[in-house]
$ cat coords_25.cif   # mmCIF, C-alpha atoms
data_upload
loop_
_atom_site.label_atom_id
_atom_site.label_comp_id
_atom_site.auth_asym_id
_atom_site.auth_seq_id
_atom_site.Cartn_x
_atom_site.Cartn_y
_atom_site.Cartn_z
CA MET L 1 99.11 89.72 111.09
CA PRO L 2 98.17 92.93 109.29
CA GLU L 3 95.22 92.67 106.95
CA THR L 4 97.30 93.92 104.02
CA ILE L 5 99.67 91.00 104.49
CA ALA L 6 97.10 88.37 105.35
CA ALA L 7 94.63 89.15 102.56
CA ILE L 8 94.02 86.97 99.53
CA GLY L 9 91.77 87.62 96.55
CA GLY L 10 88.06 87.14 97.06
CA VAL L 11 85.82 85.56 94.43
CA ASN L 12 84.11 88.85 93.75
CA GLY L 13 87.25 90.95 93.71
CA ARG L 14 86.92 91.83 97.40
CA ARG L 15 89.96 91.30 99.63
CA ILE L 16 89.32 88.60 102.22
CA SER L 17 91.43 88.19 105.35
CA ARG L 18 93.45 85.01 105.16
CA ARG L 19 93.31 84.76 108.92
CA ARG L 20 89.53 84.78 108.93
CA LEU L 21 89.23 82.54 105.92
CA LEU L 22 91.70 79.86 106.98
CA THR L 23 90.95 79.74 110.71
CA ALA L 24 94.60 79.86 111.64
CA GLY L 25 94.01 80.52 115.32
CA ALA L 26 92.02 77.33 115.75
CA ALA L 27 94.61 75.45 113.73
CA ALA L 28 97.28 76.48 116.19
CA VAL L 29 95.32 75.00 119.08
CA ALA L 30 94.59 71.75 117.24
CA ALA L 31 98.14 71.24 115.98
CA GLY L 32 99.65 71.99 119.37
CA ALA L 33 97.36 69.59 121.19
CA LEU L 34 98.03 66.75 118.77
CA ALA L 35 101.77 67.31 118.93
CA ARG L 36 101.64 66.58 122.65
CA VAL L 37 99.78 63.28 122.43
CA LEU L 38 100.81 61.54 119.20
CA PRO L 39 104.05 59.60 118.55
CA ALA L 40 107.01 60.97 116.65
CA PRO L 41 106.83 60.53 112.86
CA ALA L 42 108.77 57.92 110.94
CA ARG L 43 111.74 59.07 108.93
CA GLY L 44 112.26 58.32 105.24
CA ALA L 45 114.17 55.05 105.58
CA GLU L 46 111.53 53.75 108.00
CA LEU L 47 108.52 54.64 105.88
CA ASP L 48 106.29 51.62 105.28
CA LEU L 49 104.03 52.35 102.32
CA ASN L 50 101.80 49.44 103.28
CA THR L 51 101.05 51.13 106.59
CA LEU L 52 101.17 54.72 105.31
CA PRO L 53 100.14 54.48 101.64
CA CYS L 54 98.35 57.79 101.17
CA ILE L 55 99.75 61.05 99.83
CA ASP L 56 98.52 64.44 100.96
CA GLY L 57 98.71 66.52 97.81
CA HIS L 58 98.87 69.93 99.51
CA SER L 59 100.16 71.16 102.84
CA HIS L 60 102.16 74.10 104.13
CA VAL L 61 104.83 73.89 106.79
CA TRP L 62 106.94 76.54 108.51
CA SER L 63 109.40 76.80 111.35
CA PRO L 64 109.48 79.16 114.34
CA ASP L 65 113.25 79.39 113.76
CA VAL L 66 113.00 82.59 111.76
CA GLU L 67 116.71 83.32 112.13
CA ARG L 68 117.61 80.22 110.16
CA TRP L 69 114.72 80.60 107.73
CA PRO L 70 113.93 84.34 107.55
CA LEU L 71 110.41 85.56 106.87
CA ALA L 72 109.52 87.71 103.89
CA GLY L 73 109.24 91.47 104.01
CA ASP L 74 108.74 92.96 107.46
CA LEU L 75 107.07 89.88 108.96
CA THR L 76 108.25 88.70 112.36
CA LYS L 77 107.84 85.52 114.37
CA LYS L 78 104.67 86.87 115.99
CA ASP L 79 103.00 86.93 112.55
CA LEU L 80 103.15 83.14 112.19
CA ALA L 81 99.71 81.58 112.66
CA PRO L 82 99.92 78.92 113.97
CA PRO L 83 103.26 79.82 115.58
CA SER L 84 104.77 76.55 114.34
CA PHE L 85 103.81 73.87 111.84
CA THR L 86 106.87 71.76 111.13
CA PRO L 87 107.10 68.42 109.30
CA GLU L 88 107.01 66.67 112.65
CA GLU L 89 103.76 68.42 113.58
CA LEU L 90 102.29 67.64 110.16
CA PHE L 91 103.12 63.94 110.39
CA ARG L 92 101.56 63.73 113.82
CA VAL L 93 98.17 64.45 112.29
CA ALA L 94 98.80 62.69 108.96
CA GLU L 95 100.24 59.33 110.01
CA PRO L 96 97.30 58.24 112.22
CA VAL L 97 95.06 58.28 109.12
CA GLY L 98 97.53 56.48 106.84
CA VAL L 99 99.31 59.41 105.17
CA GLY L 100 103.06 58.91 104.78
CA ARG L 101 104.01 61.33 102.00
CA VAL L 102 103.08 64.96 101.46
CA VAL L 103 103.37 67.59 98.75
CA LEU L 104 104.67 70.75 100.42
CA ILE L 105 103.51 74.08 98.99
CA GLN L 106 105.65 77.21 99.11
CA HIS L 107 103.91 79.77 101.32
CA HIS L 108 104.60 83.10 99.63
CA ILE L 109 103.07 85.02 102.53
CA TYR L 110 105.82 83.82 104.87
CA HIS L 111 108.80 83.04 102.63
CA GLY L 112 108.25 84.90 99.37
CA TRP L 113 110.30 83.38 96.54
CA ASP L 114 112.75 81.71 98.94
CA ASN L 115 112.15 77.95 98.66
CA ARG L 116 114.93 76.89 101.02
CA TYR L 117 112.82 75.81 103.96
CA LEU L 118 110.78 73.32 101.95
CA ILE L 119 113.89 72.02 100.19
CA ASP L 120 115.55 71.55 103.57
CA CYS L 121 112.49 69.62 104.80
CA ALA L 122 112.68 67.32 101.77
CA LYS L 123 116.36 66.66 102.47
CA ARG L 124 115.72 65.96 106.14
CA PHE L 125 112.93 63.44 105.39
CA PRO L 126 114.08 61.62 102.24
CA GLY L 127 111.26 60.22 100.15
CA ARG L 128 108.52 61.77 102.22
CA PHE L 129 108.11 65.14 100.55
CA ALA L 130 107.77 66.61 97.10
CA VAL L 131 108.04 70.38 96.83
CA VAL L 132 105.90 72.92 95.00
CA GLY L 133 108.12 76.00 94.85
CA MET L 134 107.78 79.50 93.49
CA VAL L 135 109.85 81.36 90.90
CA ASP L 136 109.51 85.04 90.07
CA ASP L 137 108.66 85.09 86.37
CA THR L 138 109.59 88.79 86.15
CA GLU L 139 113.23 87.99 86.98
CA PRO L 140 115.72 86.91 84.27
CA ARG L 141 115.74 83.26 83.13
CA PRO L 142 112.95 81.73 85.24
CA GLY L 143 113.11 78.57 83.14
CA ALA L 144 116.75 78.05 84.09
CA LYS L 145 115.82 78.51 87.76
CA MET L 146 113.14 75.83 87.41
CA ARG L 147 115.69 73.38 86.04
CA GLU L 148 118.09 74.17 88.88
CA LEU L 149 115.40 73.35 91.44
CA LEU L 150 114.31 70.05 89.88
CA PRO L 151 117.11 67.88 91.36
CA LEU L 152 116.37 69.47 94.75
CA GLY L 153 112.90 67.92 94.75
CA VAL L 154 110.91 70.86 93.37
CA ARG L 155 108.39 69.11 91.15
CA SER L 156 105.92 71.92 90.60
CA PHE L 157 105.55 75.70 90.80
CA ARG L 158 102.74 77.69 92.35
CA ILE L 159 101.39 80.54 90.24
CA THR L 160 98.60 82.89 91.24
CA SER L 161 96.83 86.02 90.03
CA TRP L 162 97.11 87.69 93.44
CA ILE L 163 100.74 88.80 93.18
CA ARG L 164 100.90 90.53 89.79
CA GLY L 165 97.20 91.20 89.21
CA LYS L 166 94.50 89.48 87.22
CA ASP L 167 95.32 91.16 83.90
CA GLN L 168 99.04 90.39 84.00
CA TRP L 169 99.72 87.20 85.93
CA LEU L 170 99.76 84.89 82.89
CA THR L 171 101.40 87.35 80.50
CA GLY L 172 105.00 88.16 79.65
CA ASP L 173 108.03 86.32 78.36
CA GLY L 174 108.93 84.97 81.79
CA MET L 175 105.60 83.26 82.34
CA ALA L 176 105.69 81.84 78.81
CA ALA L 177 109.18 80.49 79.54
CA MET L 178 107.92 78.79 82.69
CA TRP L 179 105.12 76.98 80.84
CA GLN L 180 107.50 76.00 78.05
CA THR L 181 110.08 74.70 80.50
CA ALA L 182 107.48 72.75 82.47
CA ALA L 183 106.44 70.95 79.28
CA LYS L 184 110.01 69.66 78.99
CA THR L 185 110.85 68.99 82.64
CA GLY L 186 107.46 67.62 83.71
CA GLN L 187 107.22 70.14 86.55
CA ALA L 188 103.55 71.04 86.97
CA MET L 189 102.17 74.56 87.01
CA GLY L 190 100.13 74.71 90.23
CA CYS L 191 97.34 77.26 89.92
CA LEU L 192 95.99 78.94 93.05
CA ILE L 193 93.10 80.80 91.48
CA ASN L 194 89.53 82.02 91.84
CA PRO L 195 86.68 81.02 89.51
CA GLU L 196 87.02 84.17 87.43
CA ASP L 197 90.59 83.13 86.57
CA LEU L 198 89.51 79.87 84.93
CA PRO L 199 89.08 81.27 81.37
CA ALA L 200 92.63 82.64 81.38
CA VAL L 201 94.01 79.31 82.57
CA ASP L 202 91.93 77.54 79.91
CA ALA L 203 93.48 79.71 77.22
CA MET L 204 97.01 79.16 78.57
CA CYS L 205 96.50 75.39 78.61
CA GLY L 206 95.42 75.60 74.99
CA LYS L 207 98.68 77.37 74.11
CA HIS L 208 100.79 74.88 76.07
CA PRO L 209 99.06 71.49 75.75
CA GLU L 210 102.13 69.53 76.90
CA THR L 211 102.52 71.43 80.17
CA PRO L 212 101.31 69.61 83.30
CA VAL L 213 98.84 71.74 85.28
CA VAL L 214 97.22 71.25 88.68
CA ILE L 215 94.24 73.33 89.82
CA ASP L 216 94.26 73.88 93.58
CA HIS L 217 91.16 73.72 95.79
CA PHE L 218 88.53 73.47 93.00
CA ALA L 219 89.66 76.97 91.92
CA ARG L 220 88.18 78.08 95.28
CA ILE L 221 84.63 77.61 94.05
CA GLY L 222 82.33 78.11 97.02
CA VAL L 223 84.75 80.12 99.14
CA ASP L 224 82.00 82.69 99.65
CA GLY L 225 79.58 79.94 100.69
CA THR L 226 77.87 79.52 97.30
CA ILE L 227 78.79 76.86 94.74
CA ARG L 228 77.71 78.21 91.36
CA GLU L 229 76.89 75.93 88.46
CA ALA L 230 78.65 78.19 85.96
CA ASP L 231 81.88 78.07 87.97
CA VAL L 232 81.78 74.29 88.26
CA ALA L 233 81.15 74.02 84.52
CA ARG L 234 84.21 76.19 83.76
CA LEU L 235 86.38 74.10 86.05
CA CYS L 236 85.17 70.87 84.50
CA GLY L 237 85.78 72.38 81.07
CA LEU L 238 89.52 72.27 81.76
CA ALA L 239 89.31 68.48 81.61
CA LYS L 240 89.53 68.70 77.83
CA HIS L 241 93.23 69.49 78.32
CA GLN L 242 94.71 66.07 78.95
CA ARG L 243 97.53 67.25 81.21
CA VAL L 244 95.34 69.21 83.65
CA HIS L 245 94.69 67.73 87.10
CA ALA L 246 92.32 68.85 89.87
CA LYS L 247 92.90 68.84 93.64
CA LEU L 248 90.00 67.80 95.84
CA SER L 249 91.03 69.92 98.78
CA ALA L 250 90.47 72.77 101.24
CA PHE L 251 87.08 71.46 102.33
CA TYR L 252 87.26 73.68 105.44
CA ALA L 253 87.13 76.80 103.24
CA LEU L 254 84.37 75.94 100.77
CA GLY L 255 80.60 75.84 100.92
CA LYS L 256 79.34 75.34 104.47
CA LYS L 257 82.95 74.83 105.65
CA GLN L 258 82.05 72.12 108.15
CA PRO L 259 82.37 68.32 108.17
CA PRO L 260 81.11 65.98 106.91
CA TYR L 261 81.12 68.34 103.87
CA ASP L 262 78.08 66.73 102.27
CA ASP L 263 77.31 69.99 100.46
CA LEU L 264 80.57 69.60 98.49
CA VAL L 265 79.78 66.09 97.25
CA PRO L 266 77.88 67.16 94.09
CA MET L 267 80.83 69.34 92.99
CA ILE L 268 83.28 66.55 93.78
CA ARG L 269 81.26 64.12 91.67
CA ARG L 270 81.13 66.58 88.76
CA VAL L 271 84.89 67.02 88.87
CA LEU L 272 85.48 63.27 89.10
CA ASP L 273 83.17 62.65 86.15
CA ALA L 274 84.98 65.28 84.08
CA PHE L 275 88.61 64.49 84.92
CA GLY L 276 88.41 60.87 86.04
CA PRO L 277 90.07 59.63 89.24
CA GLU L 278 93.37 59.32 87.38
CA ARG L 279 93.58 63.12 87.13
CA CYS L 280 92.22 64.02 90.57
CA LEU L 281 94.01 63.96 93.90
CA TRP L 282 93.04 64.48 97.51
CA ALA L 283 94.79 67.10 99.62
CA SER L 284 94.26 68.57 103.08
CA ASP L 285 95.64 72.14 102.85
CA SER L 286 96.98 71.87 106.37
CA PRO L 287 97.45 73.47 108.81
CA TYR L 288 94.36 75.44 107.75
CA GLN L 289 92.27 72.25 107.70
CA LEU L 290 92.88 71.95 111.44
CA GLY L 291 90.49 73.81 113.70
CA GLY L 292 87.11 75.50 113.71
CA GLY L 293 85.40 72.10 113.83
CA ASN L 294 87.50 70.83 110.92
CA THR L 295 90.10 68.08 111.25
CA TYR L 296 92.66 66.29 109.15
CA ALA L 297 90.76 63.03 109.52
CA ALA L 298 87.50 64.65 108.39
CA SER L 299 89.16 65.74 105.16
CA ILE L 300 90.44 62.32 104.11
CA ASP L 301 87.30 60.61 105.41
CA LEU L 302 85.22 62.47 102.83
CA ILE L 303 87.10 60.67 100.05
CA ARG L 304 87.14 57.33 101.86
CA SER L 305 83.39 57.43 102.45
CA LEU L 306 82.31 58.77 99.05
CA ASP L 307 79.75 56.41 97.52
CA GLY L 308 80.25 54.89 94.09
CA LEU L 309 84.04 54.75 94.09
CA SER L 310 85.87 51.49 93.53
CA ALA L 311 88.95 50.57 95.53
CA GLY L 312 90.95 51.42 92.42
CA ASP L 313 89.34 54.86 92.18
CA ARG L 314 90.22 55.61 95.80
CA ALA L 315 93.77 54.46 95.22
CA TRP L 316 94.14 57.04 92.46
CA LEU L 317 92.65 59.83 94.57
CA LEU L 318 94.62 59.07 97.71
CA THR L 319 97.93 57.87 96.28
CA LYS L 320 98.53 57.16 92.61
CA THR L 321 97.66 60.50 90.98
CA ALA L 322 99.84 62.48 93.37
CA GLU L 323 102.55 59.85 93.00
CA GLN L 324 102.60 60.28 89.24
CA VAL L 325 102.47 64.07 89.28
CA TYR L 326 104.91 64.76 92.12
CA PHE L 327 106.93 61.65 93.04
CA ALA L 328 107.55 59.74 89.79
#
$ encode --input "coords_25.cif" --output "structure tokens"
Amino acid sequence: MPETIAAIGGVNGRRISRRRLLTAGAAAVAAGALARVLPAPARGAELDLNTLPCIDGHSHVWSPDVERWPLAGDLTKKDLAPPSFTPEELFRVAEPVGVGRVVLIQHHIYHGWDNRYLIDCAKRFPGRFAVVGMVDDTEPRPGAKMRELLPLGVRSFRITSWIRGKDQWLTGDGMAAMWQTAAKTGQAMGCLINPEDLPAVDAMCGKHPETPVVIDHFARIGVDGTIREADVARLCGLAKHQRVHAKLSAFYALGKKQPPYDDLVPMIRRVLDAFGPERCLWASDSPYQLGGGNTYAASIDLIRSLDGLSAGDRAWLLTKTAEQVYFA
């Protein structure tokens, strides 16, 4: 994949290759190997929430059938990394560790503003997926588009500073309309951001206190290997907005980037203290969590093994928070 396509914003303004950052090549090997040895996933009507109670709050999926679900821009099938990560492949790594439902995140790199693949996945596996879509706020009537997508299972919308630029991404009538609509529909604004974007999100939450908000991946604190106290403090400062939630996710990409992720525990505890378990949720960020020494099981095991949590706390982190935000 070309660097100009694969790049995402670095914490210091430098462009970082998504391929290097997310270890996609290793993920392809891991996902392919597991697909060959694990059983087929259960479909919606067969889902036993006693056996598979957990919810993965963040995963991407895509199909190698690029004729049915075309890729964005000039991308071709050879640009997919891994070449395939379908719902079936996702469930083959999720179900063995007790995960039965997943929040699917629109992958703008591959599908742009076209949410059809994720919506089709939700239809094909009833009850197993909630969808975080994307709407272009520069197009007419984005709020109306959000309402149209709600009955199709789109319960949230990803927004990020990397498409329109850091000085413009939260400005304009369209973005204001999205936040206003979300306050009425309950669809969360899902923020994929860097630490320097936290003050702008803080200000937006102050303007729209009734809008549900979810911060992805600790606002990518520690993506450059260093977890800075000032960044953690800004993230925890968002807890004063009662409708803001935080994802405990993307462990493979933060700090030392290797299990058992002990270096991330102090930040996790700070976030839990600030937001409370009722406003935090675990997520894997697959398929990027797979490979390079990282595994799906290692991600969820960090939450299951975290000292000082009650059974009730873990239930919120692994099921109930995501259930309320995305499946209620």
$ closest_residue --input "coords_25.cif" --among "L:Pro212, L:Gly143, L:Gly291, L:Gly165" --to "Ala183 (chain L)" --atoms "only C-alpha atoms"
L:Pro212
$ closest_residue --input "coords_25.cif" --among "L:Ala233, L:Met189, L:Leu254, L:Ala239" --to "Arg220 (chain L)" --atoms "all atoms listed in the file"
L:Leu254
$ residues_around --input "coords_25.cif" --residues "Gly57 (chain L)" --least-positions-apart "3" --cutoff "7 Å" --atoms "all atoms listed in the file" --output "list of chain:residue names"
L:Val102, L:Val103, L:Leu281, L:Trp282, L:Ala283, L:Ala322
$ resolve_selection --input "coords_25.cif" --expression "the PyMOL selection byres ((chain L and resi 234) around 10)" --output "count of residues only"
17
$ resolve_selection --input "coords_25.cif" --expression "the PyMOL selection byres ((chain L and resi 141) around 12)" --output "MDAnalysis selection string"
chainID L and resid 135:140 142:148 173:178 181
$ resolve_selection --input "coords_25.cif" --expression "the PyMOL selection byres ((chain L and resi 275) around 9)" --output "MDAnalysis selection string"
chainID L and resid 236 238:240 242 244:246 270:274 276:280
$ closest_residue --input "coords_25.cif" --among "L:Phe157, L:Trp162, L:Phe125, L:Tyr296" --to "Ala94 (chain L)" --atoms "all atoms listed in the file"
L:Tyr296
$ closest_residue --input "coords_25.cif" --among "L:Ala200, L:Val213, L:Leu302, L:Ala81" --to "Asp263 (chain L)" --atoms "only C-alpha atoms"
L:Leu302
$ closest_residue --input "coords_25.cif" --among "L:Tyr252, L:Tyr326, L:Trp316, L:Trp62" --to "Gln187 (chain L)" --atoms "all atoms listed in the file"
L:Tyr326
$ decode --input "coords_25.cif" --residues "region 104-143 of chain L" --atoms "N, CA and C atoms" --output "compact mmCIF listing (two decimals), in the first residue's frame"
# COMPACT_ATOMS: atom_id res chain seq x y z
N LEU L 104 -18.34 -2.97 14.96
CA LEU L 104 -17.56 -2.86 13.73
C LEU L 104 -17.34 -1.39 13.39
N ILE L 105 -16.11 -1.06 13.04
CA ILE L 105 -15.72 0.33 12.78
C ILE L 105 -15.47 0.53 11.29
N GLN L 106 -16.14 1.52 10.71
CA GLN L 106 -15.91 1.83 9.30
C GLN L 106 -14.44 2.15 9.06
N HIS L 107 -13.87 1.51 8.06
CA HIS L 107 -12.45 1.69 7.74
C HIS L 107 -12.36 2.63 6.53
N HIS L 108 -12.15 3.90 6.81
CA HIS L 108 -12.17 4.92 5.75
C HIS L 108 -11.08 4.67 4.72
N ILE L 109 -9.97 4.11 5.15
CA ILE L 109 -8.88 3.83 4.22
C ILE L 109 -9.35 2.94 3.08
N TYR L 110 -10.17 1.94 3.40
CA TYR L 110 -10.59 0.97 2.39
C TYR L 110 -11.93 1.30 1.75
N HIS L 111 -12.87 1.86 2.52
CA HIS L 111 -14.22 2.04 1.99
C HIS L 111 -14.73 3.47 2.04
N GLY L 112 -13.88 4.41 2.42
CA GLY L 112 -14.31 5.80 2.40
C GLY L 112 -15.56 6.02 3.23
N TRP L 113 -16.55 6.72 2.64
CA TRP L 113 -17.81 7.02 3.32
C TRP L 113 -18.87 5.95 3.05
N ASP L 114 -18.53 4.91 2.36
CA ASP L 114 -19.47 3.86 1.96
C ASP L 114 -19.57 2.82 3.08
N ASN L 115 -20.66 2.85 3.83
CA ASN L 115 -20.85 1.98 4.99
C ASN L 115 -21.49 0.63 4.65
N ARG L 116 -21.68 0.33 3.39
CA ARG L 116 -22.51 -0.82 3.02
C ARG L 116 -21.95 -2.15 3.50
N TYR L 117 -20.64 -2.32 3.47
CA TYR L 117 -20.11 -3.62 3.86
C TYR L 117 -20.43 -3.93 5.33
N LEU L 118 -20.23 -2.97 6.21
CA LEU L 118 -20.51 -3.22 7.62
C LEU L 118 -22.00 -3.43 7.85
N ILE L 119 -22.83 -2.67 7.17
CA ILE L 119 -24.28 -2.86 7.29
C ILE L 119 -24.68 -4.24 6.81
N ASP L 120 -24.08 -4.69 5.72
CA ASP L 120 -24.37 -6.03 5.21
C ASP L 120 -23.94 -7.10 6.22
N CYS L 121 -22.79 -6.89 6.88
CA CYS L 121 -22.34 -7.84 7.90
C CYS L 121 -23.34 -7.92 9.05
N ALA L 122 -23.85 -6.76 9.48
CA ALA L 122 -24.82 -6.73 10.58
C ALA L 122 -26.10 -7.45 10.18
N LYS L 123 -26.52 -7.34 8.93
CA LYS L 123 -27.71 -8.04 8.47
C LYS L 123 -27.47 -9.54 8.42
N ARG L 124 -26.28 -9.95 8.03
CA ARG L 124 -25.98 -11.36 7.85
C ARG L 124 -25.83 -12.08 9.19
N PHE L 125 -25.42 -11.35 10.24
CA PHE L 125 -25.26 -11.93 11.57
C PHE L 125 -26.13 -11.14 12.55
N PRO L 126 -27.43 -11.34 12.53
CA PRO L 126 -28.33 -10.54 13.37
C PRO L 126 -27.96 -10.63 14.85
N GLY L 127 -27.91 -9.46 15.47
CA GLY L 127 -27.65 -9.38 16.90
C GLY L 127 -26.19 -9.44 17.30
N ARG L 128 -25.32 -9.70 16.34
CA ARG L 128 -23.92 -9.89 16.70
C ARG L 128 -23.07 -8.65 16.48
N PHE L 129 -23.55 -7.73 15.67
CA PHE L 129 -22.76 -6.55 15.35
C PHE L 129 -23.54 -5.27 15.58
N ALA L 130 -22.85 -4.26 16.09
CA ALA L 130 -23.28 -2.87 15.97
C ALA L 130 -22.28 -2.19 15.05
N VAL L 131 -22.71 -1.13 14.38
CA VAL L 131 -21.87 -0.50 13.37
C VAL L 131 -21.54 0.94 13.76
N VAL L 132 -20.26 1.27 13.64
CA VAL L 132 -19.81 2.66 13.71
C VAL L 132 -19.50 3.08 12.28
N GLY L 133 -20.35 3.92 11.72
CA GLY L 133 -20.20 4.34 10.33
C GLY L 133 -19.47 5.66 10.20
N MET L 134 -19.47 6.18 8.98
CA MET L 134 -18.91 7.50 8.72
C MET L 134 -19.82 8.26 7.79
N VAL L 135 -19.97 9.55 8.07
CA VAL L 135 -20.76 10.46 7.25
C VAL L 135 -19.90 11.67 6.95
N ASP L 136 -19.92 12.12 5.72
CA ASP L 136 -19.16 13.30 5.31
C ASP L 136 -19.89 14.55 5.76
N ASP L 137 -19.35 15.24 6.76
CA ASP L 137 -20.04 16.41 7.30
C ASP L 137 -19.98 17.61 6.36
N THR L 138 -19.19 17.54 5.29
CA THR L 138 -19.16 18.64 4.32
C THR L 138 -20.25 18.50 3.26
N GLU L 139 -20.92 17.35 3.22
CA GLU L 139 -22.02 17.14 2.29
C GLU L 139 -23.32 17.67 2.89
N PRO L 140 -24.34 17.95 2.05
CA PRO L 140 -25.61 18.47 2.58
C PRO L 140 -26.29 17.48 3.54
N ARG L 141 -26.90 17.99 4.58
CA ARG L 141 -27.78 17.28 5.50
C ARG L 141 -27.15 16.02 6.12
N PRO L 142 -26.00 16.15 6.75
CA PRO L 142 -25.41 14.96 7.40
C PRO L 142 -26.27 14.41 8.53
N GLY L 143 -27.00 15.29 9.21
CA GLY L 143 -27.87 14.82 10.28
C GLY L 143 -28.96 13.90 9.76
